[in-house]
Amino acid sequence: MQVALGGTFDPVHDGHRRLFERAFELGDVTVGLTSDELAPATRHVDRYVRPYSERERDLRAELERLADPRGRDFDIRELEESTGIATEPQFDALVVSPETVAGGKQINELRRERGHDALELIVVPHARAEDGDIISSTRIVNGEIDEHGALTPDRDGRDRNSDSQSTE
């Protein structure tokens with residue numbers, strides 16, 4: 001099975017890891033990573049997003065760690081538009097989070113218009129932080145939680161000029 005998913009992934013956190021793990025359970029994975037131009041347009045909150053090259057480096061490290069033990073292949077492709085790569089005919093499934101299901105349905109409409117089969121939409125539930133709220137990159141960048149959802153009340157948010165943020 002050829003599986004697609006997409007996002008900004010800045011920084012990568014346990015919610016993203018759930019998406020990646022589910023995708024690799026299904027097949028080989030292609031991840032669309034938002035371009036520097038598209039990334040700000042996909043944010044619900046105005047915040048700094050690291051450059052594509054840094055996000056791609058960290059994403060590649062995460063995917064290698066998950067793909068290798070499963071014997072799966074993966075590819076990272078730059079997304080220039082929100083419907084991205086998933087409208088291409090080679091994909092069988094699209095892994096989405098609860099808030100991106102509508103985008104998945106829009107992609108399927110575009111696929112049907114282009115004469116392609118609809119993708120199976122695989123919805124992966126949110127990962128929750130220790131306070132019960134959703135783990136999100138914005139909360140991490142704001143200094144509320146770490147990538148695993150642990151509360152970080154003594155941590156400051158990301159400094160736009162700092163490259164000290166780790167996505168381990």
# chains A, B, ... in the order shown; residues from 1 in each chain; ligands from 1

call {"tool": "residues_around", "arguments": {"residues": "Thr30 of chain A", "least_positions_apart": "6", "cutoff": "6 Å", "atoms": "only C-alpha atoms", "output": "PyMOL selection string"}}
result
chain A and resi 4+74-76

call {"tool": "write_last_selection", "arguments": {"atoms": "N, CA and C atoms", "output": "PDB file, in the first residue's frame"}}
result
ATOM      1  N   ALA A   4       0.067   8.269   2.067  1.00  0.00           N
ATOM      2  CA  ALA A   4       0.485   9.668   2.079  1.00  0.00           C
ATOM      3  C   ALA A   4       0.032  10.334   3.371  1.00  0.00           C
ATOM      4  N   PHE A  74      10.363   5.279   2.596  1.00  0.00           N
ATOM      5  CA  PHE A  74       9.653   6.546   2.713  1.00  0.00           C
ATOM      6  C   PHE A  74      10.308   7.583   1.820  1.00  0.00           C
ATOM      7  N   ASP A  75       9.547   8.603   1.547  1.00  0.00           N
ATOM      8  CA  ASP A  75      10.022   9.736   0.766  1.00  0.00           C
ATOM      9  C   ASP A  75       9.438  10.988   1.395  1.00  0.00           C
ATOM     10  N   ILE A  76      10.178  12.074   1.329  1.00  0.00           N
ATOM     11  CA  ILE A  76       9.691  13.379   1.786  1.00  0.00           C
ATOM     12  C   ILE A  76       9.645  14.274   0.556  1.00  0.00           C
TER      13      ILE A  76
END

call {"tool": "closest_atom_pairs", "arguments": {"of": "segment 3-105 of chain A", "to": "segment 126-138 of chain A", "cutoff": "10 Å", "atoms": "only C-alpha atoms", "output": "JSON lines"}}
result
{"residue": "A:Thr8", "atom": "CA", "partner": "A:Ser137", "partner_atom": "CA", "distance": 9.3}
{"residue": "A:Phe9", "atom": "CA", "partner": "A:Ser137", "partner_atom": "CA", "distance": 7.4}
{"residue": "A:Asp10", "atom": "CA", "partner": "A:Ser137", "partner_atom": "CA", "distance": 6.0}
{"residue": "A:Pro11", "atom": "CA", "partner": "A:Ser137", "partner_atom": "CA", "distance": 5.6}
{"residue": "A:Val12", "atom": "CA", "partner": "A:Ser137", "partner_atom": "CA", "distance": 7.2}
{"residue": "A:His13", "atom": "CA", "partner": "A:Ser137", "partner_atom": "CA", "distance": 7.0}
{"residue": "A:Asp14", "atom": "CA", "partner": "A:Ala127", "partner_atom": "CA", "distance": 6.5}
{"residue": "A:Gly15", "atom": "CA", "partner": "A:Ala127", "partner_atom": "CA", "distance": 4.8}
{"residue": "A:His16", "atom": "CA", "partner": "A:Ala127", "partner_atom": "CA", "distance": 8.5}
{"residue": "A:Arg17", "atom": "CA", "partner": "A:Ala127", "partner_atom": "CA", "distance": 9.2}
{"residue": "A:Arg18", "atom": "CA", "partner": "A:Ala127", "partner_atom": "CA", "distance": 7.6}
{"residue": "A:Leu19", "atom": "CA", "partner": "A:His126", "partner_atom": "CA", "distance": 9.1}
{"residue": "A:Arg43", "atom": "CA", "partner": "A:Thr138", "partner_atom": "CA", "distance": 9.0}
{"residue": "A:His44", "atom": "CA", "partner": "A:Thr138", "partner_atom": "CA", "distance": 9.2}
{"residue": "A:Val45", "atom": "CA", "partner": "A:Thr138", "partner_atom": "CA", "distance": 7.6}
{"residue": "A:Asp46", "atom": "CA", "partner": "A:Thr138", "partner_atom": "CA", "distance": 9.3}
{"residue": "A:Arg47", "atom": "CA", "partner": "A:Thr138", "partner_atom": "CA", "distance": 7.7}
{"residue": "A:Tyr48", "atom": "CA", "partner": "A:Thr138", "partner_atom": "CA", "distance": 9.5}
{"residue": "A:Val49", "atom": "CA", "partner": "A:Thr138", "partner_atom": "CA", "distance": 9.8}
{"residue": "A:Ser97", "atom": "CA", "partner": "A:His126", "partner_atom": "CA", "distance": 6.7}
{"residue": "A:Pro98", "atom": "CA", "partner": "A:His126", "partner_atom": "CA", "distance": 7.2}
{"residue": "A:Glu99", "atom": "CA", "partner": "A:His126", "partner_atom": "CA", "distance": 9.3}

call {"tool": "select_by_dssp", "arguments": {"residues": "segment 58-135 of chain A", "states": "strand (DSSP E)", "output": "number ranges by chain"}}
result
A: 74-79, 93-96, 120-123

call {"tool": "write_last_selection", "arguments": {"atoms": "C-alpha atoms", "output": "PDB file, in the first residue's frame"}}
result
ATOM      1  CA  PHE A  74       9.653   6.546   2.713  1.00  0.00           C
ATOM      2  CA  ASP A  75      10.022   9.736   0.766  1.00  0.00           C
ATOM      3  CA  ILE A  76       9.691  13.379   1.786  1.00  0.00           C
ATOM      4  CA  ARG A  77       8.328  15.779  -0.813  1.00  0.00           C
ATOM      5  CA  GLU A  78       7.843  19.515  -0.606  1.00  0.00           C
ATOM      6  CA  LEU A  79       4.217  20.683  -0.535  1.00  0.00           C
ATOM      7  CA  ALA A  93      -4.501   5.846   1.720  1.00  0.00           C
ATOM      8  CA  LEU A  94      -4.159   9.190   3.443  1.00  0.00           C
ATOM      9  CA  VAL A  95      -3.384   9.352   7.162  1.00  0.00           C
ATOM     10  CA  VAL A  96      -5.043  12.332   8.835  1.00  0.00           C
ATOM     11  CA  GLU A 120      -8.923   5.452   2.238  1.00  0.00           C
ATOM     12  CA  LEU A 121      -8.890   8.095   4.972  1.00  0.00           C
ATOM     13  CA  ILE A 122      -7.180   6.754   8.087  1.00  0.00           C
ATOM     14  CA  VAL A 123      -8.020   8.972  11.072  1.00  0.00           C
TER      15      VAL A 123
END

call {"tool": "atom_distance", "arguments": {"atom1": "atom CA of Thr42 of chain A", "atom2": "atom CA of Phe20 of chain A"}}
result
19.5 Å

call {"tool": "closest_residue", "arguments": {"among": "A:Val101, A:Ile107, A:Ile145, A:Ala39", "to": "Val124 of chain A", "atoms": "only C-alpha atoms"}}
result
A:Val101

call {"tool": "residues_around", "arguments": {"residues": "Glu56 of chain A", "least_positions_apart": "4", "cutoff": "8 Å", "atoms": "only C-alpha atoms", "output": "NGL selection string"}}
result
:A and (33 or 52 or 60 or 76)

call {"tool": "atom_distance", "arguments": {"atom1": "atom CA of Gly71 of chain A", "atom2": "atom CA of Val29 of chain A"}}
result
11.5 Å

call {"tool": "select_by_dssp", "arguments": {"residues": "chain A", "states": "alpha helix (DSSP H)", "output": "VMD selection string"}}
result
chain A and resid 14 to 26 38 to 41 52 to 70 101 to 113 137 to 141

call {"tool": "atom_distance", "arguments": {"atom1": "atom CA of Gly6 of chain A", "atom2": "atom CA of Arg70 of chain A"}}
result
20.4 Å

call {"tool": "closest_residue", "arguments": {"among": "A:Asn142, A:Ala102, A:Thr87, A:Glu64", "to": "Ala118 of chain A", "atoms": "only C-alpha atoms"}}
result
A:Thr87

call {"tool": "closest_residue", "arguments": {"among": "A:Gly143, A:Gly84, A:Pro40, A:Pro89", "to": "Gln106 of chain A", "atoms": "only C-alpha atoms"}}
result
A:Gly84
